[in-house]
Amino acid sequence: MKENITILAIETSCDETSVAVMENGREIRANIISSQIEDHQVFGGVVPEIASRLHLESINGIIDAALREAKISFSDLDAVAVTKGPGLVGAILVGVSAAKAISLSLGIPLLGVNHMQGHICANYIAYPELEPPFVSLVVSGGHSYLIEVLDYTSYIIHGRTRDDAAGECFDKVARTLGLGYPGGPQIDRLYFAGNPQAIEFPRVIIDKQTYDFSFSGLKTAVINYVHQHRQKGQPIVIADVAASFQQAVIDVLVDKSFRLLDTLGYDKLVVSGGVAANRGLRDAMATRASKTNTQVLFPPIVLCTDNAAMIGCQGYYDYLGGRESDLAMRVYPNLSL
Ligand code: KG4
Ligand code: ZN
């Protein structure tokens, strides 16, 4: 096999059009992320049809820009990786169609990547020495997983969300509080301005036997709190509500993660996904880790939320494992890990 494997990676599963050039899986030569957030903000959330159209408008230009930034041309590529799911069907189709065209015209392998596996990979990019096995908490807008990462392509799922994903819950609570989309960063900002102990929202642990999450009860409790106060004309302190909500999410995520580490006997926790950008969560995990003999890793913020570099990293390990896709590859909006 060649010494250096150069992969072009494409991510269009939601509201970021991103293209990366990755060298040997972990080295970023380009990682361009074009966010559509401003176009969706006015609607209070991502509008799937608008997302597809915006991906379509920008994808070719972003591919060119990534190649330029990496100072390479199409002929230097060894493979093309693309998110095949989960995500918005029309949005994913744009990236997959572009990747198929590149694969066919250059005669290079097509690698259909699971977006959630990609999120885990963000930490391989950030920490070049990191290798499986470890315990991983993956918390994004659409999914929450607590898993054992056995190697680069196999996992044991110990916990997943039974209803709303963590990020989804941040977004819905933020909308109720009139904070706009996406909710995570807004609530995180207020966490440090408000009092996280002001209101005792429920911590839904379900029961001690499971590592599954349930956030919809918490979400409903916050929404009820806000509506009841508004109906009675009682003032609410938005920063306190946001901070108390975030504290409840943090407590559940930290508790379950460390309980699983303990049960399985691991001393390394790797956190990723959009919610891993949360400063309150990062602080709480670090504090808990310092009390035990545990190492907790988070990627830099830019690699927490959606980006193509992480897709290229997973694509590299799929390539090494001979897990190529063919041109008949479909898209999988509901793909799980
Ligand atoms: O991983 P991601 O970029 O996209 C999906 O694959 O879903 O995650 C997006 C989610 C959104 O729900 C957003 O509100 C949340 O990540 N998020 C945050 C923060 N930044 C983004 N949640 C909490 N705190 C943050 N700082
Ligand atoms: Zn994501």
# chains A, B, ... in the order shown; residues from 1 in each chain; ligands from 1
>>> residues_near_ligand(ligand="ligand 1", cutoff="6 Å", atoms="only C-alpha atoms and all ligand atoms", output="ChimeraX atom specification")
/A:140-142,167-168,170-171,182-185,188,273-275,277-278,305-306
>>> residues_near_ligand(ligand="ligand 2", cutoff="12 Å", atoms="only C-alpha atoms and all ligand atoms", output="number ranges by chain")
A: 11-18, 83, 85-88, 114-122, 138-144, 165, 167-168, 272-277, 302-311
>>> atom_distance(atom1="atom CA of A:Gly90", atom2="atom CA of A:Ile102")
19.0 Å
>>> atom_distance(atom1="atom CA of A:Val82", atom2="atom CA of A:Asn4")
19.5 Å
>>> closest_residue(among="A:Leu106, A:Ala91, A:Ile37, A:Ala101", to="A:His55", atoms="only C-alpha atoms")
A:Ala91
>>> closest_residue(among="A:Arg330, A:Asn60, A:Arg160, A:Asp78", to="A:Met1", atoms="only C-alpha atoms")
A:Asp78
>>> closest_residue(among="A:Phe43, A:Phe134, A:Phe245, A:Tyr317", to="A:Leu150", atoms="only C-alpha atoms")
A:Phe134
>>> select_by_dssp(residues="stretch 285-330 of chain A", states="alpha helix (DSSP H)", output="JSON, numbers by chain")
{"A": [285, 286, 287, 288, 289, 290, 291, 301, 302, 303, 304, 308, 309, 310, 311, 312, 313, 314, 315, 316, 317, 318, 319, 320]}
>>> closest_residue(among="A:Ile10, A:Thr210, A:Ser73, A:Leu335", to="A:Ser97", atoms="only C-alpha atoms")
A:Ile10
>>> residues_around(residues="A:Ala193", least_positions_apart="3", cutoff="7 Å", atoms="only C-alpha atoms", output="ChimeraX atom specification")
/A:189-190,239
>>> residues_around(residues="A:Arg162", least_positions_apart="6", cutoff="7 Å", atoms="only C-alpha atoms", output="list in words")
Asp212, Phe213 and Ser214 of chain A
>>> atom_distance(atom1="atom CA of A:Gly44", atom2="atom CA of A:Gln231")
22.9 Å
>>> residues_around(residues="stretch 260-266 of chain A", least_positions_apart="3", cutoff="7 Å", atoms="only C-alpha atoms", output="count of residues only")
4
>>> closest_residue(among="A:Ala286, A:Val252, A:Ile205, A:Leu177", to="A:Ile238", atoms="only C-alpha atoms")
A:Leu177
>>> residues_around(residues="stretch 21-25 of chain A", least_positions_apart="6", cutoff="6 Å", atoms="only C-alpha atoms", output="JSON, numbers by chain")
{"A": [4, 5, 6, 7, 8, 312, 313, 316]}
>>> write_last_selection(atoms="C-alpha atoms", output="PDB file, in the first residue's frame")
ATOM      1  CA  ASN A   4       0.442   8.351   2.205  1.00  0.00           C
ATOM      2  CA  ILE A   5      -3.287   7.999   1.712  1.00  0.00           C
ATOM      3  CA  THR A   6      -5.070  11.215   0.772  1.00  0.00           C
ATOM      4  CA  ILE A   7      -8.831  11.232   1.192  1.00  0.00           C
ATOM      5  CA  LEU A   8     -11.326  13.875   0.137  1.00  0.00           C
ATOM      6  CA  GLY A 312     -12.378  11.590   6.329  1.00  0.00           C
ATOM      7  CA  CYS A 313     -10.795  10.065   9.436  1.00  0.00           C
ATOM      8  CA  TYR A 316      -9.538   6.163   6.268  1.00  0.00           C
TER       9      TYR A 316
END
>>> closest_residue(among="A:Ile33, A:Val249, A:Asn123, A:Asp326", to="A:Phe298", atoms="only C-alpha atoms")
A:Asn123
